[in-house]
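Text of work.txt (compact mmCIF, C-alpha atoms) as supplied:
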```
# COMPACT_ATOMS: atom_id res chain seq x y z
CA MET A 1 37.77 98.89 143.45
CA PRO A 2 40.91 99.86 145.41
CA GLY A 3 43.23 102.28 143.66
CA ARG A 4 46.37 101.18 141.87
CA VAL A 5 49.74 101.25 143.60
CA VAL A 6 52.95 101.76 141.64
CA VAL A 7 56.12 100.28 143.17
CA ILE A 8 59.40 101.82 142.00
CA GLY A 9 62.34 99.44 142.23
CA GLY A 10 62.45 95.69 141.68
CA GLY A 11 64.82 94.58 144.43
CA VAL A 12 63.63 92.24 147.14
CA CYS A 13 61.91 95.09 149.01
CA GLY A 14 59.94 96.13 145.91
CA LEU A 15 59.10 92.53 145.01
CA ALA A 16 57.97 91.69 148.54
CA THR A 17 55.86 94.86 148.62
CA ALA A 18 54.14 94.11 145.32
CA HIS A 19 53.63 90.48 146.35
CA ARG A 20 51.90 91.39 149.61
CA LEU A 21 49.78 94.16 148.06
CA VAL A 22 48.51 91.83 145.34
CA ARG A 23 47.69 89.22 147.97
CA GLY A 24 45.76 91.94 149.78
CA GLY A 25 43.66 92.68 146.72
CA LEU A 26 45.31 95.86 145.46
CA PRO A 27 46.19 96.37 141.78
CA VAL A 28 49.95 96.88 141.45
CA THR A 29 52.45 97.95 138.80
CA LEU A 30 56.11 97.34 139.61
CA LEU A 31 58.73 99.28 137.65
CA GLU A 32 62.39 98.22 137.51
CA ALA A 33 64.96 100.29 135.62
CA SER A 34 67.33 97.45 134.71
CA ASP A 35 66.62 94.37 132.64
CA GLN A 36 66.69 92.16 135.77
CA LEU A 37 64.76 92.02 138.99
CA GLY A 38 66.48 91.44 142.29
CA GLY A 39 68.62 94.52 143.04
CA LEU A 40 71.71 93.16 144.77
CA GLY A 41 70.26 89.72 144.06
CA THR A 42 70.77 89.99 140.31
CA PHE A 43 72.61 87.24 138.53
CA PHE A 44 74.51 86.13 135.44
CA SER A 45 74.94 82.87 133.54
CA SER A 46 78.07 80.74 133.81
CA ARG A 47 78.20 77.29 132.23
CA GLY A 48 74.44 77.23 131.95
CA GLN A 49 73.87 78.04 135.65
CA TRP A 50 72.60 81.25 137.21
CA VAL A 51 75.01 82.79 139.71
CA GLU A 52 74.43 85.78 142.02
CA ARG A 53 76.62 88.78 141.32
CA PHE A 54 76.84 89.50 145.04
CA TYR A 55 76.99 86.95 147.86
CA HIS A 56 73.93 86.17 149.98
CA CYS A 57 72.89 83.71 152.63
CA VAL A 58 69.92 83.10 154.91
CA MET A 59 70.42 83.22 158.67
CA PRO A 60 68.26 81.13 161.03
CA THR A 61 67.22 84.43 162.69
CA ASP A 62 65.83 85.85 159.40
CA ALA A 63 62.19 85.38 160.44
CA ALA A 64 60.67 87.86 157.96
CA LEU A 65 62.56 86.45 154.98
CA LEU A 66 61.77 82.87 155.93
CA ALA A 67 58.07 83.76 156.26
CA LEU A 68 58.15 85.29 152.77
CA LEU A 69 59.85 82.19 151.37
CA ASP A 70 57.13 80.12 152.99
CA GLU A 71 54.43 82.20 151.26
CA VAL A 72 55.91 81.43 147.83
CA GLY A 73 56.61 77.77 148.61
CA LEU A 74 60.40 78.01 148.95
CA LYS A 75 61.04 77.78 152.69
CA GLU A 76 61.63 74.03 152.53
CA SER A 77 64.06 74.52 149.65
CA VAL A 78 66.55 76.27 151.91
CA GLY A 79 69.46 73.97 152.65
CA TRP A 80 71.18 74.58 155.99
CA ARG A 81 74.85 73.86 156.51
CA PRO A 82 77.37 74.56 159.27
CA THR A 83 79.94 77.16 158.19
CA THR A 84 83.25 78.31 159.60
CA MET A 85 85.21 81.54 159.74
CA GLY A 86 88.86 82.19 159.04
CA MET A 87 90.95 85.31 159.35
CA VAL A 88 93.86 86.40 157.17
CA VAL A 89 96.23 88.63 159.16
CA ASP A 90 99.61 89.70 157.80
CA GLY A 91 99.19 87.26 154.92
CA VAL A 92 98.55 84.19 157.11
CA LEU A 93 95.17 82.40 157.15
CA ARG A 94 94.07 81.11 160.55
CA PRO A 95 90.81 79.45 161.64
CA PHE A 96 88.75 81.66 163.94
CA ASN A 97 85.85 79.65 165.35
CA SER A 98 86.54 77.89 168.64
CA ALA A 99 88.15 78.71 171.94
CA LEU A 100 91.11 76.61 170.85
CA ASP A 101 91.42 78.64 167.61
CA LEU A 102 91.44 81.82 169.67
CA LEU A 103 94.10 80.50 172.03
CA ARG A 104 96.28 79.72 169.00
CA PHE A 105 95.69 83.16 167.45
CA THR A 106 99.21 84.51 167.90
CA PRO A 107 98.65 87.99 166.37
CA LEU A 108 97.17 88.76 169.82
CA SER A 109 98.97 88.28 173.12
CA LEU A 110 97.63 85.57 175.41
CA THR A 111 96.08 88.20 177.69
CA ASP A 112 94.33 89.85 174.74
CA ARG A 113 93.13 86.49 173.43
CA VAL A 114 91.44 85.75 176.73
CA ARG A 115 89.99 89.26 176.89
CA PHE A 116 88.71 88.98 173.31
CA GLY A 117 86.95 85.70 174.05
CA VAL A 118 85.31 86.84 177.29
CA VAL A 119 84.13 90.19 175.94
CA SER A 120 82.82 88.64 172.72
CA LEU A 121 80.72 86.15 174.69
CA LEU A 122 79.22 88.96 176.78
CA LEU A 123 79.02 91.70 174.16
CA ARG A 124 75.28 91.57 173.53
CA ARG A 125 74.60 91.65 177.25
CA LEU A 126 77.10 94.46 177.78
CA GLY A 127 75.15 96.63 175.34
CA GLU A 128 71.80 96.26 177.07
CA GLY A 129 70.44 99.41 178.69
CA LYS A 130 73.00 101.69 177.02
CA ASP A 131 72.24 104.47 174.56
CA LEU A 132 74.31 102.85 171.81
CA ASP A 133 72.61 104.99 169.16
CA ARG A 134 74.52 108.00 170.52
CA MET A 135 77.75 106.15 171.29
CA ARG A 136 80.58 105.90 168.78
CA THR A 137 81.49 102.37 167.81
CA GLU A 138 85.15 103.10 168.55
CA ASP A 139 84.38 104.40 172.03
CA TRP A 140 82.28 101.35 172.89
CA LEU A 141 84.47 98.62 171.43
CA ARG A 142 87.83 100.16 172.34
CA GLY A 143 86.61 100.57 175.92
CA LEU A 144 85.57 96.92 176.14
CA TYR A 145 88.35 95.21 174.18
CA GLY A 146 91.25 97.56 174.79
CA ASP A 147 93.55 99.48 172.46
CA ARG A 148 95.51 96.55 171.04
CA ILE A 149 92.50 94.48 169.99
CA TRP A 150 90.81 97.56 168.59
CA ASN A 151 93.83 98.64 166.54
CA LEU A 152 94.86 95.18 165.34
CA LEU A 153 91.50 93.57 164.54
CA LEU A 154 88.36 95.58 165.07
CA ALA A 155 89.19 98.92 163.47
CA PRO A 156 90.36 97.40 160.16
CA MET A 157 87.73 94.64 160.14
CA PHE A 158 84.65 96.77 160.82
CA GLY A 159 86.16 99.78 159.07
CA ALA A 160 86.22 97.76 155.87
CA LYS A 161 82.42 98.03 155.85
CA PHE A 162 82.14 101.78 156.36
CA GLY A 163 85.48 103.25 155.37
CA SER A 164 87.02 106.10 157.35
CA ALA A 165 83.62 107.00 158.86
CA PHE A 166 83.41 103.73 160.79
CA PRO A 167 84.55 104.92 164.23
CA ASP A 168 81.68 107.44 164.22
CA VAL A 169 79.00 104.92 163.20
CA PRO A 170 76.59 104.31 166.11
CA ALA A 171 77.53 101.30 168.23
CA LEU A 172 73.86 100.29 168.01
CA TYR A 173 74.39 99.14 164.43
CA VAL A 174 77.21 96.77 165.46
CA TRP A 175 75.11 95.51 168.39
CA GLN A 176 72.21 94.76 166.02
CA ARG A 177 74.54 92.91 163.65
CA LEU A 178 75.63 90.69 166.50
CA GLY A 179 71.97 90.04 167.25
CA ARG A 180 71.25 88.90 163.70
CA GLU A 181 74.20 86.56 163.52
CA SER A 182 73.90 85.45 167.18
CA ASN A 183 77.13 83.48 166.92
CA GLU A 184 75.34 81.25 164.42
CA ALA A 185 77.58 78.74 162.68
CA VAL A 186 74.73 77.61 160.41
CA ARG A 187 73.65 79.38 157.25
CA GLY A 188 71.13 78.63 154.55
CA TYR A 189 70.85 78.90 150.78
CA PRO A 190 67.81 78.25 148.53
CA ALA A 191 68.22 75.12 146.40
CA GLY A 192 67.45 77.06 143.22
CA GLY A 193 69.60 80.04 144.16
CA TYR A 194 68.28 83.52 144.74
CA LYS A 195 66.97 83.64 141.20
CA SER A 196 64.38 81.07 142.26
CA VAL A 197 63.19 83.49 144.96
CA ILE A 198 62.99 86.39 142.50
CA ASP A 199 61.15 84.25 139.94
CA ALA A 200 58.69 82.98 142.56
CA LEU A 201 57.87 86.51 143.73
CA ARG A 202 57.35 87.69 140.18
CA ALA A 203 55.10 84.71 139.47
CA SER A 204 53.08 85.45 142.60
CA ILE A 205 52.61 89.10 141.63
CA GLU A 206 51.54 88.29 138.09
CA ALA A 207 49.28 85.44 139.18
CA GLY A 208 47.45 87.94 141.38
CA GLY A 209 46.92 90.34 138.48
CA GLY A 210 49.88 92.58 139.16
CA GLU A 211 52.09 93.98 136.42
CA VAL A 212 55.88 93.64 136.54
CA ARG A 213 57.94 95.70 134.10
CA THR A 214 61.70 95.58 133.67
CA SER A 215 63.79 97.95 131.52
CA ALA A 216 61.41 100.68 132.68
CA PRO A 217 63.59 103.46 134.15
CA VAL A 218 61.67 106.32 135.77
CA ARG A 219 62.59 109.74 134.44
CA ARG A 220 60.25 111.83 136.58
CA LEU A 221 57.99 111.35 139.60
CA GLU A 222 55.25 113.84 140.40
CA THR A 223 52.66 113.77 143.17
CA THR A 224 49.53 115.60 144.21
CA PRO A 225 47.75 114.97 147.51
CA ASP A 226 45.82 112.09 145.94
CA ARG A 227 47.66 111.11 142.76
CA VAL A 228 51.02 109.91 141.49
CA VAL A 229 52.29 110.36 137.95
CA VAL A 230 55.38 108.43 136.88
CA THR A 231 57.03 109.36 133.59
CA LEU A 232 59.27 106.71 132.05
CA ASP A 233 62.13 107.16 129.64
CA GLY A 234 60.49 107.63 126.26
CA GLY A 235 57.65 109.71 127.69
CA GLU A 236 55.14 107.03 128.71
CA THR A 237 53.25 107.88 131.91
CA VAL A 238 51.90 105.58 134.61
CA GLU A 239 49.29 106.97 137.00
CA ALA A 240 48.31 105.56 140.39
CA GLU A 241 46.62 106.54 143.62
CA ARG A 242 49.57 105.48 145.76
CA ALA A 243 53.28 104.81 145.22
CA VAL A 244 56.07 103.07 147.08
CA SER A 245 59.66 104.00 146.25
CA THR A 246 62.36 101.52 147.24
CA VAL A 247 65.23 103.27 145.44
CA PRO A 248 67.91 105.03 147.55
CA LEU A 249 67.02 108.57 148.55
CA PRO A 250 69.76 110.17 146.37
CA ALA A 251 68.34 108.38 143.32
CA LEU A 252 64.78 109.35 144.28
CA ARG A 253 65.73 113.03 144.54
CA SER A 254 67.15 112.89 141.03
CA ILE A 255 63.75 111.88 139.55
CA ALA A 256 61.41 113.83 141.84
CA ASP A 257 59.85 117.03 140.54
CA ASP A 258 60.68 120.23 142.40
CA GLU A 259 57.64 120.15 144.68
CA LEU A 260 58.14 116.50 145.68
CA ALA A 261 61.89 117.04 146.19
CA ARG A 262 61.02 119.79 148.65
CA LEU A 263 58.79 117.41 150.62
CA LEU A 264 61.24 114.50 150.77
CA PRO A 265 63.01 113.97 154.11
CA ASP A 266 66.13 116.05 154.49
CA VAL A 267 68.31 113.04 155.28
CA ARG A 268 71.42 112.92 153.13
CA LEU A 269 73.36 109.85 154.14
CA PRO A 270 76.65 108.94 152.50
CA TYR A 271 76.56 105.46 150.97
CA GLN A 272 79.20 102.82 150.62
CA GLY A 273 79.19 100.96 147.33
CA VAL A 274 80.97 97.67 146.72
CA VAL A 275 83.41 96.20 144.22
CA ASN A 276 82.93 92.45 144.07
CA ALA A 277 85.06 89.91 142.21
CA LEU A 278 83.92 86.32 141.66
CA PHE A 279 86.48 83.58 141.21
CA PHE A 280 85.53 80.17 139.86
CA LEU A 281 88.31 77.87 141.05
CA ARG A 282 89.18 74.31 140.07
CA LYS A 283 89.85 73.40 143.70
CA PRO A 284 88.69 74.57 147.13
CA LEU A 285 90.29 77.62 148.69
CA SER A 286 90.22 77.19 152.47
CA GLY A 287 86.80 75.78 153.35
CA HIS A 288 85.88 78.83 155.47
CA TYR A 289 82.68 80.61 154.46
CA TRP A 290 83.94 84.01 155.63
CA ALA A 291 87.43 85.40 156.18
CA PRO A 292 88.34 89.05 156.77
CA VAL A 293 91.68 90.02 155.20
CA LEU A 294 93.75 92.41 157.32
CA ARG A 295 97.11 94.02 156.56
CA SER A 296 97.93 91.50 153.84
CA GLY A 297 98.74 93.72 150.86
CA THR A 298 95.37 93.30 149.15
CA ASP A 299 92.86 95.83 147.86
CA PHE A 300 90.05 93.51 148.90
CA ASP A 301 89.38 93.07 152.60
CA GLY A 302 87.13 90.04 152.74
CA VAL A 303 86.72 86.59 151.18
CA VAL A 304 83.47 84.61 151.04
CA GLU A 305 83.58 80.99 149.86
CA MET A 306 80.13 79.95 148.72
CA THR A 307 80.90 76.32 147.96
CA PRO A 308 80.94 75.19 151.63
CA LEU A 309 77.36 76.48 151.77
CA THR A 310 76.04 75.62 148.30
CA GLY A 311 78.21 72.74 147.11
CA SER A 312 80.26 72.84 143.90
CA GLU A 313 77.82 71.05 141.58
CA ARG A 314 75.79 74.17 140.81
CA TYR A 315 78.95 75.86 139.47
CA GLY A 316 79.98 73.05 137.16
CA ASP A 317 82.04 71.27 139.83
CA ARG A 318 83.96 74.48 140.43
CA HIS A 319 84.40 76.40 143.68
CA LEU A 320 82.94 79.89 143.87
CA VAL A 321 84.77 82.56 145.87
CA TYR A 322 83.72 86.20 146.29
CA VAL A 323 86.26 88.84 147.28
CA MET A 324 85.09 92.35 147.97
CA ARG A 325 85.89 95.90 148.97
CA TYR A 326 83.27 98.34 150.21
CA THR A 327 84.08 101.77 148.82
CA GLY A 328 82.43 105.01 147.76
CA ARG A 329 81.09 105.20 144.23
CA GLU A 330 83.43 108.12 143.50
CA SER A 331 86.58 106.32 144.65
CA ALA A 332 89.41 105.46 142.27
CA LEU A 333 88.82 101.75 142.84
CA TYR A 334 85.12 101.97 142.04
CA LEU A 335 85.83 103.91 138.85
CA GLU A 336 88.61 101.56 137.73
CA ASP A 337 88.22 99.25 134.75
CA GLU A 338 86.83 95.82 135.71
CA ASP A 339 89.46 93.90 133.76
CA ALA A 340 92.26 95.71 135.57
CA ILE A 341 90.67 94.90 138.92
CA ALA A 342 90.29 91.25 137.91
CA ARG A 343 93.97 90.94 136.98
CA ARG A 344 95.29 92.65 140.10
CA TRP A 345 92.95 90.87 142.52
CA THR A 346 93.82 87.51 140.96
CA GLU A 347 97.49 88.17 141.74
CA GLN A 348 96.60 89.26 145.26
CA LEU A 349 94.42 86.20 145.91
CA LEU A 350 97.23 83.94 144.78
CA GLY A 351 99.57 85.86 147.07
CA VAL A 352 97.57 85.24 150.25
CA HIS A 353 96.63 81.65 149.35
CA THR A 354 99.98 80.14 148.43
CA GLY A 355 98.49 76.73 147.63
CA LEU A 356 96.57 78.32 144.75
CA THR A 357 98.11 78.77 141.29
CA ALA A 358 97.02 80.66 138.20
CA ASP A 359 96.03 77.35 136.60
CA ASP A 360 93.49 76.84 139.40
CA VAL A 361 91.58 79.99 138.36
CA ASP A 362 88.97 79.07 135.76
CA GLU A 363 86.98 82.30 135.47
CA VAL A 364 86.89 85.77 137.03
CA ARG A 365 84.03 88.29 136.95
CA VAL A 366 83.86 91.75 138.52
CA PHE A 367 80.64 93.55 139.46
CA LYS A 368 79.94 96.85 141.21
CA ALA A 369 76.98 98.35 143.07
CA PRO A 370 76.87 102.05 144.05
CA PHE A 371 74.35 102.05 146.95
CA VAL A 372 74.91 99.15 149.34
CA GLU A 373 75.40 100.41 152.88
CA PRO A 374 74.27 103.77 154.30
CA VAL A 375 76.73 105.30 156.76
CA TYR A 376 74.53 106.33 159.67
CA PRO A 377 75.39 109.27 161.96
CA LEU A 378 75.19 109.26 165.73
CA GLY A 379 71.66 109.71 167.03
CA TYR A 380 70.08 108.48 163.81
CA LEU A 381 67.15 106.85 165.61
CA THR A 382 65.69 110.30 166.25
CA ARG A 383 66.50 111.45 162.70
CA ARG A 384 65.37 108.36 160.82
CA PRO A 385 62.69 109.54 158.37
CA SER A 386 59.11 108.38 158.35
CA VAL A 387 58.07 106.01 155.58
CA GLU A 388 55.25 108.46 154.79
CA VAL A 389 55.92 111.67 152.86
CA PRO A 390 53.47 114.26 154.30
CA GLY A 391 51.02 115.74 151.84
CA THR A 392 51.63 113.06 149.22
CA PRO A 393 50.45 109.50 148.50
CA LEU A 394 54.09 108.37 148.39
CA LEU A 395 55.61 105.89 150.83
CA LEU A 396 59.34 105.23 151.19
CA ALA A 397 60.98 101.85 151.79
CA THR A 398 64.73 102.42 151.50
CA THR A 399 67.92 101.42 153.29
CA ALA A 400 67.73 104.79 155.08
CA HIS A 401 64.72 103.36 156.91
CA VAL A 402 65.98 99.95 158.08
CA TYR A 403 68.26 101.26 160.85
CA PRO A 404 69.09 100.00 163.41
CA ASN A 405 68.61 96.66 161.66
CA VAL A 406 71.42 95.35 159.48
CA THR A 407 71.04 95.97 155.75
CA SER A 408 69.98 92.56 154.42
CA TRP A 409 67.23 90.78 152.54
CA ASN A 410 65.58 90.11 155.89
CA SER A 411 65.51 93.77 156.97
CA SER A 412 64.23 94.72 153.50
CA VAL A 413 61.33 92.30 153.90
CA GLU A 414 60.63 93.61 157.42
CA LEU A 415 60.49 97.16 156.05
CA SER A 416 58.26 96.02 153.19
CA ASN A 417 55.88 94.43 155.70
CA SER A 418 55.52 97.66 157.66
CA VAL A 419 54.85 99.72 154.50
CA THR A 420 52.35 97.27 153.04
CA ASP A 421 50.56 97.09 156.40
CA LEU A 422 49.95 100.83 156.13
CA LEU A 423 48.65 100.59 152.56
CA LEU A 424 46.41 97.60 153.25
CA ARG A 425 45.02 99.26 156.38
CA ASP A 426 44.22 102.43 154.43
CA ALA A 427 42.56 100.38 151.69
CA GLN A 428 40.40 98.54 154.23
CA GLU A 429 39.41 101.76 155.96
CA SER A 430 38.37 103.37 152.68
CA GLN A 431 36.12 100.51 151.56
CA PRO A 432 33.33 100.98 154.17
CA GLN A 433 33.18 104.68 153.29
CA GLU A 434 32.78 103.85 149.62
CA HIS A 435 30.09 101.28 150.46
CA THR A 436 28.21 103.77 152.64
CA ALA A 437 28.27 106.38 149.88
CA TRP A 438 27.01 103.84 147.33
CA SER A 439 24.17 102.76 149.66
CA ALA A 440 23.06 106.33 150.27
CA GLU A 441 23.07 107.03 146.55
CA SER A 442 21.04 103.86 145.87
CA ALA A 443 18.47 104.81 148.50
CA ARG A 444 17.82 108.09 146.75
```

As structure tokens - that is how I would like this structure written.
Amino acid sequence: MPGRVVVIGGGVCGLATAHRLVRGGLPVTLLEASDQLGGLGTFFSSRGQWVERFYHCVMPTDAALLALLDEVGLKESVGWRPTTMGMVVDGVLRPFNSALDLLRFTPLSLTDRVRFGVVSLLLRRLGEGKDLDRMRTEDWLRGLYGDRIWNLLLAPMFGAKFGSAFPDVPALYVWQRLGRESNEAVRGYPAGGYKSVIDALRASIEAGGGEVRTSAPVRRLETTPDRVVVTLDGGETVEAERAVSTVPLPALRSIADDELARLLPDVRLPYQGVVNALFFLRKPLSGHYWAPVLRSGTDFDGVVEMTPLTGSERYGDRHLVYVMRYTGRESALYLEDEDAIARRWTEQLLGVHTGLTADDVDEVRVFKAPFVEPVYPLGYLTRRPSVEVPGTPLLLATTAHVYPNVTSWNSSVELSNSVTDLLLRDAQESQPQEHTAWSAESAR
């Protein structure tokens, strides 16, 4: 019988990995430290409905994720809707979708508006054949768009994702993001929410004989060339022949024993966390799914309205709005009390949306996540670590490995597919050897 595989981490990458391994005939134990599966797809209850703590959507280009949804019978549940984009600049919300919107976008001069439109249409093509992995985002975009567009729009908009390190992030990452979104104005959302996806994956794993354990934080991880020993809080041990770790590399180093820590890849990426506030409103905000917020006196720098994508019924006929700020987990904002953030961000949201009053705000929740977006250095393609840890039966499937793809559920599933392919191939290759040994023994 194939040896057991232990999967550490119950986000979508860990769930997809366990799901595929079970389907391939391998015994699996999945361990999740928190009391919920899903990672950034975790949820909470509001008015009897499950709501994601962090915003998500499915893009038509998300082939790996859509294939996974198909395997668990949820692909047809995805509802597709056209969405629009706005942009808040200097406290004024403007639509930002069509050529006419761009021509009316007065924060830019007419010349810059035309330049922005032409370059944006050609940007993917303009990146072909260039070593964008070794080119700074600022150098690439400033050279194409010019100083004014860079300083007014692009630096603050993209910098919101990566903080002060953004200009040094490889241009390849931005180019890949454009490829995923492909100017798509259509997005999807599962009818049962992302909890339905998490529940379906868990059901698939358990139906195939796999074990899924929540509230099972790993205290220590030890490996030999052919064995893995996982020690949980409380002292219980779980042994397996192979392991897959989906937790961020800094968290993995904190649980690895000294020998394993020495063997882990020496890649120490800084990570951006996120502070996310959810507003349940009694009326719509603007109708735009996504709106960057630039130079408008707010701590948050982006607004996502889910209701245009999901409808308001699932939130008790309320309108769900996410506002967010990507920030390091040691920053003052990240360490600030959630109630204080909720009060201040409510005032700021009312300030940039003057048609909204305090009476329109029904409920506010604040959630944080420490490891959301790695900040990649120039030339990371040649430094990106292997998923295999030499001399150990441990495989890695972390956000440090998805580059140059955009960090998303789709890229997590793609990474999971590549790791499970390795494990399933190794299992298949070992079976004939075991059969041959058994036959020789029987002949004697």

Using all atoms listed in the file, what does the table of segment 212-304 of chain A residues within 10 Å of segment 341-362 of chain A look like, with each row giving the shortest atom pair and its distance in Å to one decimal, sorted by chain and ascending number, as JSON lines?
```
{"residue": "A:Val275", "atom": "CA", "partner": "A:Ile341", "partner_atom": "CA", "distance": 9.1}
{"residue": "A:Asn276", "atom": "CA", "partner": "A:Ile341", "partner_atom": "CA", "distance": 9.6}
{"residue": "A:Ala277", "atom": "CA", "partner": "A:Ala342", "partner_atom": "CA", "distance": 6.9}
{"residue": "A:Leu278", "atom": "CA", "partner": "A:Ala342", "partner_atom": "CA", "distance": 8.9}
{"residue": "A:Phe279", "atom": "CA", "partner": "A:Val361", "partner_atom": "CA", "distance": 6.9}
{"residue": "A:Phe280", "atom": "CA", "partner": "A:Asp362", "partner_atom": "CA", "distance": 5.5}
{"residue": "A:Leu281", "atom": "CA", "partner": "A:Val361", "partner_atom": "CA", "distance": 4.7}
{"residue": "A:Arg282", "atom": "CA", "partner": "A:Asp360", "partner_atom": "CA", "distance": 5.0}
{"residue": "A:Lys283", "atom": "CA", "partner": "A:Asp360", "partner_atom": "CA", "distance": 6.6}
{"residue": "A:Pro284", "atom": "CA", "partner": "A:Leu356", "partner_atom": "CA", "distance": 9.0}
{"residue": "A:Leu285", "atom": "CA", "partner": "A:Leu356", "partner_atom": "CA", "distance": 7.4}
{"residue": "A:Ser286", "atom": "CA", "partner": "A:His353", "partner_atom": "CA", "distance": 8.4}
{"residue": "A:Val293", "atom": "CA", "partner": "A:Val352", "partner_atom": "CA", "distance": 9.1}
{"residue": "A:Ser296", "atom": "CA", "partner": "A:Val352", "partner_atom": "CA", "distance": 7.2}
{"residue": "A:Gly297", "atom": "CA", "partner": "A:Gln348", "partner_atom": "CA", "distance": 7.5}
{"residue": "A:Thr298", "atom": "CA", "partner": "A:Gln348", "partner_atom": "CA", "distance": 5.7}
{"residue": "A:Asp299", "atom": "CA", "partner": "A:Trp345", "partner_atom": "CA", "distance": 7.3}
{"residue": "A:Phe300", "atom": "CA", "partner": "A:Trp345", "partner_atom": "CA", "distance": 7.5}
{"residue": "A:Val303", "atom": "CA", "partner": "A:Leu349", "partner_atom": "CA", "distance": 9.3}
```

Residues near segment 150-166 of chain A, cut-off 8 Å, only C-alpha atoms, skip fewer than 3 positions along chain, as a PyMOL selection string
chain A and resi 137-138+141-142+145-147+169+272+292-294+301+325-327+373+375

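Each of A:Leu15, A:Arg23, A:Leu378, A:Glu32 was checked against Arg213 of chain A using only C-alpha atoms; the smallest atom-to-atom distance is that of A:Glu32.
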
Point out the residue among A:Val364, A:Cys57, A:Leu264, A:Ile149 with the least atom-to-atom distance to Trp290 of chain A, counting only C-alpha atoms.
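Closest residue, counting only C-alpha atoms: A:Cys57.
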
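Across A:Val174, A:Ala216, A:Thr398, A:Leu221, the tightest approach to Gly234 of chain A is made by A:Ala216 when counting all atoms listed in the file.
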
Name all residues at most 12 Å from Gly79 of chain A (count only C-alpha atoms; drop same-chain ones fewer than 3 positions away) and give them as a ChimeraX atom specification.
/A:57-60,74-76,82,186-193,308-311

With C-alpha atoms kept, could you save the residues just selected as a PDB file, keeping the file's coordinate frame?
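Below is the file that was written, out39.pdb:
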```
ATOM      1  CA  CYS A  57      72.890  83.710 152.630  1.00  0.00           C
ATOM      2  CA  VAL A  58      69.920  83.100 154.910  1.00  0.00           C
ATOM      3  CA  MET A  59      70.420  83.220 158.670  1.00  0.00           C
ATOM      4  CA  PRO A  60      68.260  81.130 161.030  1.00  0.00           C
ATOM      5  CA  LEU A  74      60.400  78.010 148.950  1.00  0.00           C
ATOM      6  CA  LYS A  75      61.040  77.780 152.690  1.00  0.00           C
ATOM      7  CA  GLU A  76      61.630  74.030 152.530  1.00  0.00           C
ATOM      8  CA  PRO A  82      77.370  74.560 159.270  1.00  0.00           C
ATOM      9  CA  VAL A 186      74.730  77.610 160.410  1.00  0.00           C
ATOM     10  CA  ARG A 187      73.650  79.380 157.250  1.00  0.00           C
ATOM     11  CA  GLY A 188      71.130  78.630 154.550  1.00  0.00           C
ATOM     12  CA  TYR A 189      70.850  78.900 150.780  1.00  0.00           C
ATOM     13  CA  PRO A 190      67.810  78.250 148.530  1.00  0.00           C
ATOM     14  CA  ALA A 191      68.220  75.120 146.400  1.00  0.00           C
ATOM     15  CA  GLY A 192      67.450  77.060 143.220  1.00  0.00           C
ATOM     16  CA  GLY A 193      69.600  80.040 144.160  1.00  0.00           C
ATOM     17  CA  PRO A 308      80.940  75.190 151.630  1.00  0.00           C
ATOM     18  CA  LEU A 309      77.360  76.480 151.770  1.00  0.00           C
ATOM     19  CA  THR A 310      76.040  75.620 148.300  1.00  0.00           C
ATOM     20  CA  GLY A 311      78.210  72.740 147.110  1.00  0.00           C
TER      21      GLY A 311
END
```

Pick out the closest residue to Val7 of chain A from this set: A:Met306, A:Leu126, A:Leu396, A:Leu103. Count all atoms listed in the file.
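Checking each of A:Met306, A:Leu126, A:Leu396, A:Leu103 against Val7 of chain A, counting all atoms listed in the file, the winner is A:Leu396.
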
Selection near Leu269 of chain A, 10 Å with all atoms listed in the file, sequence-local residues under 4 positions removed, as a list in words:
Pro248, Leu249, Pro250, Glu373, Pro374, Val375, Tyr376, Pro377 and Ala400 of chain A

Pick from A:Val323, A:Ala243, A:Ala63, A:Val230: nearest to Gly14 of chain A, with only C-alpha atoms counted?
A:Ala243

Between A:Ile255, A:Leu123, A:Val244, A:Ala427, which residue has the minimum interatomic distance to Leu232 of chain A, considering all atoms listed in the file?
A:Ile255

Could you list, as a short mmCIF file (atom, residue, chain, number, x, y, z; two decimals) with C-alpha atoms, in the coordinates of the input, every residue within 12 Å of Ala99 of chain A, counting all atoms listed in the file and ignoring same-chain residues fewer than 2 positions away?
```
data_model
loop_
_atom_site.label_atom_id
_atom_site.label_comp_id
_atom_site.auth_asym_id
_atom_site.auth_seq_id
_atom_site.Cartn_x
_atom_site.Cartn_y
_atom_site.Cartn_z
CA PRO A 95 90.81 79.45 161.64
CA PHE A 96 88.75 81.66 163.94
CA ASN A 97 85.85 79.65 165.35
CA ASP A 101 91.42 78.64 167.61
CA LEU A 102 91.44 81.82 169.67
CA LEU A 103 94.10 80.50 172.03
CA ARG A 104 96.28 79.72 169.00
CA PHE A 105 95.69 83.16 167.45
CA ARG A 113 93.13 86.49 173.43
CA VAL A 114 91.44 85.75 176.73
CA ARG A 115 89.99 89.26 176.89
CA PHE A 116 88.71 88.98 173.31
CA GLY A 117 86.95 85.70 174.05
CA VAL A 118 85.31 86.84 177.29
CA SER A 120 82.82 88.64 172.72
CA LEU A 121 80.72 86.15 174.69
#
```

Skipping near chain neighbours, those fewer than 6 positions away, what residues fall within 12 Å of Tyr403 of chain A using only C-alpha atoms, listed as a PyMOL selection string?
chain A and resi 133+169-177+373-386+397+411-412+414-415

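The interatomic distance for the pair atom CA of Leu69 of chain A and atom CA of Ser245 of chain A works out to 22.4 Å.
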
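Pairwise distance (atom CA of Thr407 of chain A, atom CA of Met324 of chain A) equals 16.5 Å.
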